[in-house]
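Visitor: What follows is start15.pdb, PDB, C-alpha atoms and all ligand atoms.
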```pdb
ATOM      1  CA  MET A   9       2.227   3.701 -19.792  1.00  0.00           C
ATOM      2  CA  ALA A  10      -0.949   2.885 -17.840  1.00  0.00           C
ATOM      3  CA  ALA A  11      -3.479   5.707 -17.615  1.00  0.00           C
ATOM      4  CA  LYS A  12      -3.559   7.622 -14.366  1.00  0.00           C
ATOM      5  CA  PRO A  13      -6.429   6.718 -12.034  1.00  0.00           C
ATOM      6  CA  LYS A  14      -9.279   9.207 -12.349  1.00  0.00           C
ATOM      7  CA  LEU A  15     -11.214  10.309  -9.251  1.00  0.00           C
ATOM      8  CA  TRP A  16     -14.784  11.552  -9.610  1.00  0.00           C
ATOM      9  CA  TYR A  17     -15.900  13.633  -6.658  1.00  0.00           C
ATOM     10  CA  PHE A  18     -16.611  17.115  -5.349  1.00  0.00           C
ATOM     11  CA  ARG A  19     -13.822  19.633  -4.897  1.00  0.00           C
ATOM     12  CA  GLY A  20     -13.517  18.739  -1.221  1.00  0.00           C
ATOM     13  CA  ARG A  21     -12.547  16.040   1.232  1.00  0.00           C
ATOM     14  CA  GLY A  22     -15.694  14.066   2.014  1.00  0.00           C
ATOM     15  CA  ARG A  23     -15.454  10.378   1.261  1.00  0.00           C
ATOM     16  CA  MET A  24     -12.723  10.842  -1.352  1.00  0.00           C
ATOM     17  CA  GLU A  25      -9.985  12.348   0.783  1.00  0.00           C
ATOM     18  CA  SER A  26      -8.633   9.096   2.222  1.00  0.00           C
ATOM     19  CA  ILE A  27      -8.444   7.735  -1.332  1.00  0.00           C
ATOM     20  CA  ARG A  28      -6.405  10.785  -2.379  1.00  0.00           C
ATOM     21  CA  TRP A  29      -4.143  10.259   0.633  1.00  0.00           C
ATOM     22  CA  LEU A  30      -3.633   6.590  -0.137  1.00  0.00           C
ATOM     23  CA  LEU A  31      -2.734   7.177  -3.782  1.00  0.00           C
ATOM     24  CA  ALA A  32      -0.462  10.088  -2.929  1.00  0.00           C
ATOM     25  CA  ALA A  33       1.315   8.080  -0.230  1.00  0.00           C
ATOM     26  CA  ALA A  34       1.790   5.221  -2.697  1.00  0.00           C
ATOM     27  CA  GLY A  35       3.406   7.712  -5.077  1.00  0.00           C
ATOM     28  CA  VAL A  36       0.628   7.306  -7.660  1.00  0.00           C
ATOM     29  CA  GLU A  37      -0.347  10.313  -9.753  1.00  0.00           C
ATOM     30  CA  PHE A  38      -4.066  10.740 -10.304  1.00  0.00           C
ATOM     31  CA  GLU A  39      -6.492  12.969 -12.167  1.00  0.00           C
ATOM     32  CA  GLU A  40      -9.663  14.443 -10.776  1.00  0.00           C
ATOM     33  CA  GLU A  41     -13.023  14.985 -12.414  1.00  0.00           C
ATOM     34  CA  VAL A  42     -14.712  17.596 -10.254  1.00  0.00           C
ATOM     35  CA  LEU A  43     -18.471  17.311  -9.762  1.00  0.00           C
ATOM     36  CA  GLU A  44     -19.927  20.770  -9.698  1.00  0.00           C
ATOM     37  CA  THR A  45     -23.362  20.561 -11.256  1.00  0.00           C
ATOM     38  CA  ARG A  46     -26.444  18.414 -10.982  1.00  0.00           C
ATOM     39  CA  GLU A  47     -26.212  17.842 -14.761  1.00  0.00           C
ATOM     40  CA  GLN A  48     -22.766  16.227 -14.460  1.00  0.00           C
ATOM     41  CA  TYR A  49     -24.053  13.954 -11.723  1.00  0.00           C
ATOM     42  CA  GLU A  50     -27.192  12.990 -13.661  1.00  0.00           C
ATOM     43  CA  LYS A  51     -25.135  12.260 -16.765  1.00  0.00           C
ATOM     44  CA  SER A  52     -22.825   9.931 -14.823  1.00  0.00           C
ATOM     45  CA  GLN A  53     -25.868   8.180 -13.442  1.00  0.00           C
ATOM     46  CA  LYS A  54     -27.477   7.898 -16.890  1.00  0.00           C
ATOM     47  CA  ASP A  55     -24.229   6.525 -18.322  1.00  0.00           C
ATOM     48  CA  GLY A  56     -24.433   3.783 -15.684  1.00  0.00           C
ATOM     49  CA  ARG A  57     -21.097   4.751 -14.142  1.00  0.00           C
ATOM     50  CA  LEU A  58     -22.275   5.081 -10.560  1.00  0.00           C
ATOM     51  CA  LEU A  59     -23.132   1.600  -9.331  1.00  0.00           C
ATOM     52  CA  PHE A  60     -25.535   2.769  -6.609  1.00  0.00           C
ATOM     53  CA  GLY A  61     -25.916   6.320  -7.891  1.00  0.00           C
ATOM     54  CA  GLN A  62     -23.154   7.437  -5.538  1.00  0.00           C
ATOM     55  CA  VAL A  63     -19.677   8.903  -5.552  1.00  0.00           C
ATOM     56  CA  PRO A  64     -16.734   8.438  -4.857  1.00  0.00           C
ATOM     57  CA  LEU A  65     -16.032   6.830  -8.223  1.00  0.00           C
ATOM     58  CA  VAL A  66     -12.502   5.788  -9.138  1.00  0.00           C
ATOM     59  CA  GLU A  67     -11.553   4.740 -12.654  1.00  0.00           C
ATOM     60  CA  ILE A  68      -8.534   2.491 -12.525  1.00  0.00           C
ATOM     61  CA  ASP A  69      -7.189  -0.475 -14.511  1.00  0.00           C
ATOM     62  CA  GLY A  70     -10.190  -0.349 -16.861  1.00  0.00           C
ATOM     63  CA  MET A  71     -12.645  -0.637 -13.948  1.00  0.00           C
ATOM     64  CA  GLU A  72     -15.062   1.825 -12.421  1.00  0.00           C
ATOM     65  CA  LEU A  73     -14.931   1.389  -8.652  1.00  0.00           C
ATOM     66  CA  THR A  74     -17.430   2.706  -6.132  1.00  0.00           C
ATOM     67  CA  GLN A  75     -17.920   2.213  -2.370  1.00  0.00           C
ATOM     68  CA  THR A  76     -15.222   3.996  -0.413  1.00  0.00           C
ATOM     69  CA  ARG A  77     -14.121   1.119   1.773  1.00  0.00           C
ATOM     70  CA  ALA A  78     -13.920  -1.324  -1.140  1.00  0.00           C
ATOM     71  CA  ILE A  79     -11.886   1.199  -3.114  1.00  0.00           C
ATOM     72  CA  LEU A  80      -9.486   1.889  -0.257  1.00  0.00           C
ATOM     73  CA  SER A  81      -9.030  -1.769   0.490  1.00  0.00           C
ATOM     74  CA  SER A  82      -8.332  -2.696  -3.128  1.00  0.00           C
ATOM     75  CA  LEU A  83      -5.884   0.196  -3.571  1.00  0.00           C
ATOM     76  CA  ALA A  84      -4.095  -0.748  -0.358  1.00  0.00           C
ATOM     77  CA  THR A  85      -3.658  -4.275  -1.704  1.00  0.00           C
ATOM     78  CA  LYS A  86      -2.623  -3.106  -5.177  1.00  0.00           C
ATOM     79  CA  TYR A  87       0.081  -0.807  -3.790  1.00  0.00           C
ATOM     80  CA  ASN A  88       1.386  -3.274  -1.222  1.00  0.00           C
ATOM     81  CA  LEU A  89       0.123  -1.339   1.779  1.00  0.00           C
ATOM     82  CA  HIS A  90      -2.159  -4.052   3.128  1.00  0.00           C
ATOM     83  CA  GLY A  91       0.052  -6.382   5.170  1.00  0.00           C
ATOM     84  CA  LYS A  92       1.927  -9.547   4.317  1.00  0.00           C
ATOM     85  CA  ASP A  93      -0.697 -12.079   5.481  1.00  0.00           C
ATOM     86  CA  PRO A  94      -4.399 -12.218   6.473  1.00  0.00           C
ATOM     87  CA  LYS A  95      -3.631 -11.471  10.123  1.00  0.00           C
ATOM     88  CA  GLU A  96      -1.801  -8.269   9.264  1.00  0.00           C
ATOM     89  CA  THR A  97      -4.444  -7.362   6.697  1.00  0.00           C
ATOM     90  CA  VAL A  98      -7.312  -7.622   9.142  1.00  0.00           C
ATOM     91  CA  ARG A  99      -5.453  -5.503  11.707  1.00  0.00           C
ATOM     92  CA  ILE A 100      -4.796  -2.861   9.068  1.00  0.00           C
ATOM     93  CA  ASP A 101      -8.497  -2.966   8.125  1.00  0.00           C
ATOM     94  CA  MET A 102      -9.599  -2.610  11.761  1.00  0.00           C
ATOM     95  CA  TYR A 103      -7.313   0.354  12.386  1.00  0.00           C
ATOM     96  CA  ALA A 104      -8.292   2.017   9.119  1.00  0.00           C
ATOM     97  CA  GLU A 105     -12.013   1.499   9.851  1.00  0.00           C
ATOM     98  CA  GLY A 106     -11.545   3.092  13.272  1.00  0.00           C
ATOM     99  CA  THR A 107      -9.978   6.214  11.824  1.00  0.00           C
ATOM    100  CA  LEU A 108     -12.539   6.337   8.996  1.00  0.00           C
ATOM    101  CA  ASP A 109     -15.348   6.391  11.577  1.00  0.00           C
ATOM    102  CA  LEU A 110     -13.759   9.403  13.222  1.00  0.00           C
ATOM    103  CA  MET A 111     -13.155  11.214   9.939  1.00  0.00           C
ATOM    104  CA  MET A 112     -16.697  10.546   8.695  1.00  0.00           C
ATOM    105  CA  MET A 113     -18.001  12.309  11.802  1.00  0.00           C
ATOM    106  CA  VAL A 114     -16.003  15.387  10.785  1.00  0.00           C
ATOM    107  CA  ALA A 115     -17.213  15.163   7.177  1.00  0.00           C
ATOM    108  CA  LEU A 116     -20.876  14.856   8.193  1.00  0.00           C
ATOM    109  CA  ALA A 117     -20.680  17.673  10.763  1.00  0.00           C
ATOM    110  CA  ALA A 118     -20.186  20.167   7.912  1.00  0.00           C
ATOM    111  CA  PHE A 119     -23.793  19.564   6.826  1.00  0.00           C
ATOM    112  CA  LYS A 120     -25.372  20.187  10.220  1.00  0.00           C
ATOM    113  CA  PRO A 121     -26.882  23.475  11.429  1.00  0.00           C
ATOM    114  CA  PRO A 122     -24.282  25.687  13.211  1.00  0.00           C
ATOM    115  CA  GLU A 123     -25.241  24.831  16.806  1.00  0.00           C
ATOM    116  CA  GLU A 124     -25.291  21.080  16.102  1.00  0.00           C
ATOM    117  CA  LYS A 125     -22.099  21.322  14.062  1.00  0.00           C
ATOM    118  CA  GLU A 126     -20.153  22.712  17.007  1.00  0.00           C
ATOM    119  CA  GLU A 127     -21.445  19.970  19.253  1.00  0.00           C
ATOM    120  CA  SER A 128     -20.578  17.258  16.722  1.00  0.00           C
ATOM    121  CA  LEU A 129     -17.041  18.550  16.276  1.00  0.00           C
ATOM    122  CA  ALA A 130     -16.551  18.734  20.048  1.00  0.00           C
ATOM    123  CA  LEU A 131     -17.675  15.111  20.196  1.00  0.00           C
ATOM    124  CA  VAL A 132     -15.080  14.188  17.547  1.00  0.00           C
ATOM    125  CA  VAL A 133     -12.307  15.695  19.678  1.00  0.00           C
ATOM    126  CA  LYS A 134     -13.637  13.914  22.761  1.00  0.00           C
ATOM    127  CA  LYS A 135     -13.847  10.572  20.966  1.00  0.00           C
ATOM    128  CA  ALA A 136     -10.367  11.051  19.503  1.00  0.00           C
ATOM    129  CA  LYS A 137      -8.919  11.733  22.953  1.00  0.00           C
ATOM    130  CA  THR A 138     -10.763   9.037  24.845  1.00  0.00           C
ATOM    131  CA  GLN A 139     -11.588   6.317  22.340  1.00  0.00           C
ATOM    132  CA  HIS A 140      -9.357   6.345  19.263  1.00  0.00           C
ATOM    133  CA  PHE A 141      -5.979   7.896  20.030  1.00  0.00           C
ATOM    134  CA  PRO A 142      -5.427   5.904  23.272  1.00  0.00           C
ATOM    135  CA  VAL A 143      -5.777   2.713  21.236  1.00  0.00           C
ATOM    136  CA  PHE A 144      -3.091   3.766  18.764  1.00  0.00           C
ATOM    137  CA  GLU A 145      -0.804   5.117  21.505  1.00  0.00           C
ATOM    138  CA  LYS A 146      -1.023   1.710  23.226  1.00  0.00           C
ATOM    139  CA  ILE A 147      -0.344  -0.207  19.996  1.00  0.00           C
ATOM    140  CA  LEU A 148       2.820   1.829  19.392  1.00  0.00           C
ATOM    141  CA  LYS A 149       3.877   1.476  23.026  1.00  0.00           C
ATOM    142  CA  ASP A 150       3.280  -2.293  23.147  1.00  0.00           C
ATOM    143  CA  HIS A 151       5.270  -3.206  20.046  1.00  0.00           C
ATOM    144  CA  GLY A 152       7.751  -0.334  20.124  1.00  0.00           C
ATOM    145  CA  GLU A 153       7.914  -0.199  16.326  1.00  0.00           C
ATOM    146  CA  ASP A 154       7.739   2.699  13.895  1.00  0.00           C
ATOM    147  CA  PHE A 155       4.559   1.616  12.103  1.00  0.00           C
ATOM    148  CA  LEU A 156       1.210   0.291  13.287  1.00  0.00           C
ATOM    149  CA  VAL A 157       1.380  -3.157  11.705  1.00  0.00           C
ATOM    150  CA  GLY A 158       4.226  -5.533  10.847  1.00  0.00           C
ATOM    151  CA  ASN A 159       6.921  -2.880  11.312  1.00  0.00           C
ATOM    152  CA  LYS A 160       6.140  -1.778   7.765  1.00  0.00           C
ATOM    153  CA  PHE A 161       4.421   1.296   6.342  1.00  0.00           C
ATOM    154  CA  SER A 162       0.757   0.525   5.535  1.00  0.00           C
ATOM    155  CA  TRP A 163      -2.640   2.021   4.768  1.00  0.00           C
ATOM    156  CA  ALA A 164      -3.314   2.094   8.535  1.00  0.00           C
ATOM    157  CA  ASP A 165      -0.404   4.522   9.059  1.00  0.00           C
ATOM    158  CA  ILE A 166      -1.546   6.760   6.229  1.00  0.00           C
ATOM    159  CA  GLN A 167      -5.056   7.030   7.561  1.00  0.00           C
ATOM    160  CA  LEU A 168      -4.012   7.537  11.137  1.00  0.00           C
ATOM    161  CA  LEU A 169      -1.877  10.498  10.086  1.00  0.00           C
ATOM    162  CA  GLU A 170      -4.792  11.876   8.047  1.00  0.00           C
ATOM    163  CA  ALA A 171      -7.075  11.547  11.092  1.00  0.00           C
ATOM    164  CA  ILE A 172      -4.541  13.121  13.463  1.00  0.00           C
ATOM    165  CA  LEU A 173      -4.118  16.159  11.220  1.00  0.00           C
ATOM    166  CA  MET A 174      -7.870  16.461  10.800  1.00  0.00           C
ATOM    167  CA  VAL A 175      -8.536  16.414  14.536  1.00  0.00           C
ATOM    168  CA  GLU A 176      -5.662  18.836  15.156  1.00  0.00           C
ATOM    169  CA  GLU A 177      -7.495  21.302  12.923  1.00  0.00           C
ATOM    170  CA  LEU A 178     -10.242  21.195  15.555  1.00  0.00           C
ATOM    171  CA  ASP A 179      -7.978  21.172  18.610  1.00  0.00           C
ATOM    172  CA  ALA A 180      -4.289  21.897  18.099  1.00  0.00           C
ATOM    173  CA  SER A 181      -3.362  20.365  21.468  1.00  0.00           C
ATOM    174  CA  VAL A 182      -5.174  17.075  20.933  1.00  0.00           C
ATOM    175  CA  LEU A 183      -1.919  15.065  20.979  1.00  0.00           C
ATOM    176  CA  SER A 184      -0.637  16.590  24.204  1.00  0.00           C
ATOM    177  CA  ASP A 185      -1.218  13.363  26.158  1.00  0.00           C
ATOM    178  CA  PHE A 186       0.003  11.092  23.371  1.00  0.00           C
ATOM    179  CA  PRO A 187       3.803  11.337  23.084  1.00  0.00           C
ATOM    180  CA  LEU A 188       4.169   8.315  20.798  1.00  0.00           C
ATOM    181  CA  LEU A 189       1.490   9.600  18.444  1.00  0.00           C
ATOM    182  CA  LYS A 190       3.345  12.910  18.287  1.00  0.00           C
ATOM    183  CA  GLU A 191       6.503  11.090  17.192  1.00  0.00           C
ATOM    184  CA  PHE A 192       4.445   8.957  14.807  1.00  0.00           C
ATOM    185  CA  LYS A 193       2.982  12.088  13.237  1.00  0.00           C
ATOM    186  CA  THR A 194       6.441  13.551  12.598  1.00  0.00           C
ATOM    187  CA  ARG A 195       7.818  10.262  11.295  1.00  0.00           C
ATOM    188  CA  ILE A 196       4.983   9.546   8.853  1.00  0.00           C
ATOM    189  CA  SER A 197       4.757  13.187   7.726  1.00  0.00           C
ATOM    190  CA  ASN A 198       8.392  12.925   6.652  1.00  0.00           C
ATOM    191  CA  ILE A 199       7.917   9.990   4.301  1.00  0.00           C
ATOM    192  CA  PRO A 200       8.779  11.659   0.979  1.00  0.00           C
ATOM    193  CA  THR A 201       5.485  10.965  -0.848  1.00  0.00           C
ATOM    194  CA  ILE A 202       3.498  12.163   2.161  1.00  0.00           C
ATOM    195  CA  LYS A 203       5.725  15.160   2.710  1.00  0.00           C
ATOM    196  CA  LYS A 204       5.004  16.150  -0.880  1.00  0.00           C
ATOM    197  CA  PHE A 205       1.237  15.694  -0.400  1.00  0.00           C
ATOM    198  CA  LEU A 206       1.367  17.943   2.670  1.00  0.00           C
ATOM    199  CA  GLN A 207       2.904  20.795   0.682  1.00  0.00           C
ATOM    200  CA  PRO A 208       0.633  23.633  -0.465  1.00  0.00           C
ATOM    201  CA  GLY A 209      -0.552  23.139  -4.048  1.00  0.00           C
ATOM    202  CA  SER A 210      -0.955  19.338  -3.759  1.00  0.00           C
ATOM    203  CA  GLN A 211      -4.262  17.583  -4.439  1.00  0.00           C
ATOM    204  CA  ARG A 212      -4.985  17.469  -0.709  1.00  0.00           C
ATOM    205  CA  LYS A 213      -8.237  19.287   0.006  1.00  0.00           C
ATOM    206  CA  PRO A 214      -8.986  21.902   2.685  1.00  0.00           C
ATOM    207  CA  PRO A 215     -11.597  21.494   5.452  1.00  0.00           C
ATOM    208  CA  PRO A 216     -15.169  21.856   4.158  1.00  0.00           C
ATOM    209  CA  ASP A 217     -16.435  25.432   3.833  1.00  0.00           C
ATOM    210  CA  SER A 218     -19.908  26.803   3.107  1.00  0.00           C
ATOM    211  CA  HIS A 219     -19.301  26.830  -0.666  1.00  0.00           C
ATOM    212  CA  TYR A 220     -18.412  23.139  -0.662  1.00  0.00           C
ATOM    213  CA  VAL A 221     -21.508  22.334   1.400  1.00  0.00           C
ATOM    214  CA  GLU A 222     -23.691  24.312  -1.008  1.00  0.00           C
ATOM    215  CA  VAL A 223     -22.285  22.550  -4.091  1.00  0.00           C
ATOM    216  CA  VAL A 224     -22.798  19.095  -2.548  1.00  0.00           C
ATOM    217  CA  ARG A 225     -26.345  19.994  -1.542  1.00  0.00           C
ATOM    218  CA  ASN A 226     -27.107  21.312  -5.043  1.00  0.00           C
ATOM    219  CA  VAL A 227     -25.648  18.332  -6.842  1.00  0.00           C
ATOM    220  CA  LEU A 228     -27.245  15.709  -4.599  1.00  0.00           C
ATOM    221  CA  GLN A 229     -30.390  17.786  -3.957  1.00  0.00           C
ATOM    222  CA  PHE A 230     -30.841  17.372  -0.226  1.00  0.00           C
TER     223      PHE A 230
HETATM  224  N1  LIG B 301     -21.385   3.589   1.054  1.00  0.00           N
HETATM  225  C1  LIG B 301     -20.998   4.577   0.097  1.00  0.00           C
HETATM  226  C2  LIG B 301     -21.740   5.852   0.387  1.00  0.00           C
HETATM  227  C3  LIG B 301     -21.456   6.880  -0.703  1.00  0.00           C
HETATM  228  C4  LIG B 301     -22.293   8.128  -0.551  1.00  0.00           C
HETATM  229  O1  LIG B 301     -23.219   8.214   0.255  1.00  0.00           O
HETATM  230  N2  LIG B 301     -21.921   9.113  -1.366  1.00  0.00           N
HETATM  231  C5  LIG B 301     -22.661  10.347  -1.406  1.00  0.00           C
HETATM  232  C6  LIG B 301     -21.733  11.499  -1.679  1.00  0.00           C
HETATM  233  S1  LIG B 301     -20.497  11.640  -0.416  1.00  0.00           S
HETATM  234  C7  LIG B 301     -23.620  10.217  -2.570  1.00  0.00           C
HETATM  235  O2  LIG B 301     -23.209  10.007  -3.683  1.00  0.00           O
HETATM  236  N3  LIG B 301     -24.921  10.341  -2.279  1.00  0.00           N
HETATM  237  C8  LIG B 301     -25.941  10.250  -3.261  1.00  0.00           C
HETATM  238  C9  LIG B 301     -26.946   9.198  -2.935  1.00  0.00           C
HETATM  239  O3  LIG B 301     -26.743   8.419  -2.011  1.00  0.00           O
HETATM  240  O4  LIG B 301     -27.954   9.158  -3.639  1.00  0.00           O
HETATM  241  C10 LIG B 301     -19.491   4.795   0.136  1.00  0.00           C
HETATM  242  O5  LIG B 301     -18.919   4.640   1.214  1.00  0.00           O
HETATM  243  O6  LIG B 301     -18.896   5.111  -0.885  1.00  0.00           O
END
```
What would the structure in this file look like if it were written as structure tokens?
Ligand SMILES: N[C@@H](CCC(=O)N[C@@H](CS)C(=O)NCC(=O)O)C(=O)O
Guide:
Amino acid sequence: MAAKPKLWYFRGRGRMESIRWLLAAAGVEFEEEVLETREQYEKSQKDGRLLFGQVPLVEIDGMELTQTRAILSSLATKYNLHGKDPKETVRIDMYAEGTLDLMMMVALAAFKPPEEKEESLALVVKKAKTQHFPVFEKILKDHGEDFLVGNKFSWADIQLLEAILMVEELDASVLSDFPLLKEFKTRISNIPTIKKFLQPGSQRKPPPDSHYVEVVRNVLQF
């Protein structure tokens, strides 16, 4: 039996969470190596494991992968969640990039001083309502299908659900003007692998708290 993929990252969402979501949705079990100390990080660097001295790092199929987008894209292809042809693939990539932009704003806000943090999170909700969610609502309306691309479950669906849930943590009513996204959320949340990942006790991580921020700052020394 092939070894389980191993994910090297902090005990938090950050840049790794979409990778966890993708693997979980694909029904792939994975292990996690949690970075908690500067020494662990320096050792990984010294061992030459971190290509640019950065995490996320994913060990899979005898390779050590870094760069979040490259990792996500290769996993989406490997697990058949990346469209049936180049036209579908590029649409999936565009949609996934859009949601990643939004989620990175949430991840980075955790490291800002309190007054700026609030402002940044308010901006995320505003951008979700005015820039991102209207696009996805229109896509679903125009093609009338259950999934974003090719009437088939893909990485784009997984990440859109992740983004919706993340923004709902900031504003529970964010979907009030998006009826099709509401239905989409229910539909995708009920896919068995995703349903399982949404249960308490899964490897899904909570929103960043002050302890997480402190550990990341200590390890990366900024
Ligand atoms: N482009 C990279 C950026 C990775 C990145 O900045 N990772 C942070 C942790 S979330 C890191 O390792 N920073 C250390 C550094 O850049 O020296 C990616 O998307 O994976």
Visitor: Give as a PyMOL selection string the residues that the PyMOL selection byres (((not hetatm)) within 8 of (chain B and resi 301)) matches when applied to the coordinates above.
Guide: chain A and resi 17+22-24+60-64+74-77+224+228
Visitor: Kindly resolve the PyMOL selection byres (((chain A and resi 35) around 12) and not hetatm) on the present coordinates and return the residues as a PyMOL selection string.
Guide: chain A and resi 12+28-34+36-38+87-89+199-205
Visitor: List the neighbours of Lys14 (chain A) out to 8 Å using all atoms listed in the file; skip same-chain residues closer than 3 positions along the sequence, and give me the result as a CSV table (one decimal) with C-alpha atoms, in the frame of the given file.
Guide:
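Okay, this is what ended up in out.csv:
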```
chain,number,residue,atom,x,y,z
A,38,PHE,CA,-4.1,10.7,-10.3
A,39,GLU,CA,-6.5,13.0,-12.2
A,40,GLU,CA,-9.7,14.4,-10.8
A,41,GLU,CA,-13.0,15.0,-12.4
A,66,VAL,CA,-12.5,5.8,-9.1
A,67,GLU,CA,-11.6,4.7,-12.7
A,68,ILE,CA,-8.5,2.5,-12.5
```
Visitor: For Ser184 (chain A), which residue out of A:Lys213, A:Lys137, A:Lys92, A:Arg57 is the nearest one, using all atoms listed in the file?
Guide: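 The answer is A:Lys137, which sits nearest to Ser184 (chain A).
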Visitor: What is the CA of Pro122 (chain A) to CA of Ser181 (chain A) distance in Å?
Guide: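 Computing the Euclidean distance for CA of Pro122 (chain A) and CA of Ser181 (chain A) yields 23.1 Å.
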Visitor: Counting all atoms listed in the file, what is within 12 Å of Glu191 (chain A), bar same-chain residues fewer than 3 positions away, as a PDB file with C-alpha atoms, in the coordinates of the input?
Guide:
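After the write, selection_13.pdb holds the following:
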```
ATOM      1  CA  GLU A 145      -0.804   5.117  21.505  1.00  0.00           C
ATOM      2  CA  LEU A 148       2.820   1.829  19.392  1.00  0.00           C
ATOM      3  CA  LYS A 149       3.877   1.476  23.026  1.00  0.00           C
ATOM      4  CA  GLY A 152       7.751  -0.334  20.124  1.00  0.00           C
ATOM      5  CA  GLU A 153       7.914  -0.199  16.326  1.00  0.00           C
ATOM      6  CA  ASP A 154       7.739   2.699  13.895  1.00  0.00           C
ATOM      7  CA  PHE A 155       4.559   1.616  12.103  1.00  0.00           C
ATOM      8  CA  LEU A 169      -1.877  10.498  10.086  1.00  0.00           C
ATOM      9  CA  ILE A 172      -4.541  13.121  13.463  1.00  0.00           C
ATOM     10  CA  LEU A 183      -1.919  15.065  20.979  1.00  0.00           C
ATOM     11  CA  SER A 184      -0.637  16.590  24.204  1.00  0.00           C
ATOM     12  CA  PHE A 186       0.003  11.092  23.371  1.00  0.00           C
ATOM     13  CA  PRO A 187       3.803  11.337  23.084  1.00  0.00           C
ATOM     14  CA  LEU A 188       4.169   8.315  20.798  1.00  0.00           C
ATOM     15  CA  THR A 194       6.441  13.551  12.598  1.00  0.00           C
ATOM     16  CA  ARG A 195       7.818  10.262  11.295  1.00  0.00           C
ATOM     17  CA  ILE A 196       4.983   9.546   8.853  1.00  0.00           C
ATOM     18  CA  SER A 197       4.757  13.187   7.726  1.00  0.00           C
ATOM     19  CA  ASN A 198       8.392  12.925   6.652  1.00  0.00           C
TER      20      ASN A 198
END
```
Visitor: Reconstruct N, CA, C and O atoms of region 9-21 of chain A from the incomplete input and present them as a short mmCIF file (atom, residue, chain, number, x, y, z; two decimals), keeping the file's coordinate frame.
Guide:
```cif
data_model
loop_
_atom_site.label_atom_id
_atom_site.label_comp_id
_atom_site.auth_asym_id
_atom_site.auth_seq_id
_atom_site.Cartn_x
_atom_site.Cartn_y
_atom_site.Cartn_z
N MET A 9 2.39 3.36 -21.21
CA MET A 9 2.23 3.70 -19.79
C MET A 9 0.75 3.63 -19.41
O MET A 9 -0.10 4.11 -20.16
N ALA A 10 0.46 3.00 -18.27
CA ALA A 10 -0.95 2.88 -17.84
C ALA A 10 -1.52 4.28 -17.57
O ALA A 10 -0.80 5.18 -17.13
N ALA A 11 -2.83 4.41 -17.86
CA ALA A 11 -3.48 5.71 -17.61
C ALA A 11 -3.49 5.99 -16.11
O ALA A 11 -3.50 5.06 -15.30
N LYS A 12 -3.48 7.27 -15.79
CA LYS A 12 -3.56 7.62 -14.37
C LYS A 12 -4.96 7.31 -13.86
O LYS A 12 -5.94 7.52 -14.59
N PRO A 13 -5.08 6.87 -12.60
CA PRO A 13 -6.43 6.72 -12.03
C PRO A 13 -7.17 8.06 -12.10
O PRO A 13 -6.54 9.12 -11.98
N LYS A 14 -8.48 7.97 -12.33
CA LYS A 14 -9.28 9.21 -12.35
C LYS A 14 -10.31 9.17 -11.22
O LYS A 14 -11.04 8.19 -11.06
N LEU A 15 -10.33 10.23 -10.42
CA LEU A 15 -11.21 10.31 -9.25
C LEU A 15 -12.37 11.26 -9.54
O LEU A 15 -12.14 12.41 -9.90
N TRP A 16 -13.58 10.74 -9.40
CA TRP A 16 -14.78 11.55 -9.61
C TRP A 16 -15.38 11.92 -8.26
O TRP A 16 -15.90 11.06 -7.56
N TYR A 17 -15.35 13.21 -7.95
CA TYR A 17 -15.90 13.63 -6.66
C TYR A 17 -16.02 15.15 -6.65
O TYR A 17 -15.65 15.82 -7.61
N PHE A 18 -16.53 15.67 -5.54
CA PHE A 18 -16.61 17.11 -5.35
C PHE A 18 -15.21 17.68 -5.09
O PHE A 18 -14.30 16.93 -4.76
N ARG A 19 -15.11 19.02 -5.19
CA ARG A 19 -13.82 19.63 -4.90
C ARG A 19 -13.69 19.80 -3.37
O ARG A 19 -13.75 20.90 -2.83
N GLY A 20 -13.60 18.69 -2.68
CA GLY A 20 -13.52 18.74 -1.22
C GLY A 20 -13.14 17.37 -0.69
O GLY A 20 -13.00 16.41 -1.44
N ARG A 21 -13.02 17.29 0.61
CA ARG A 21 -12.55 16.04 1.23
C ARG A 21 -13.58 14.93 1.17
O ARG A 21 -13.42 13.97 0.43
#
```
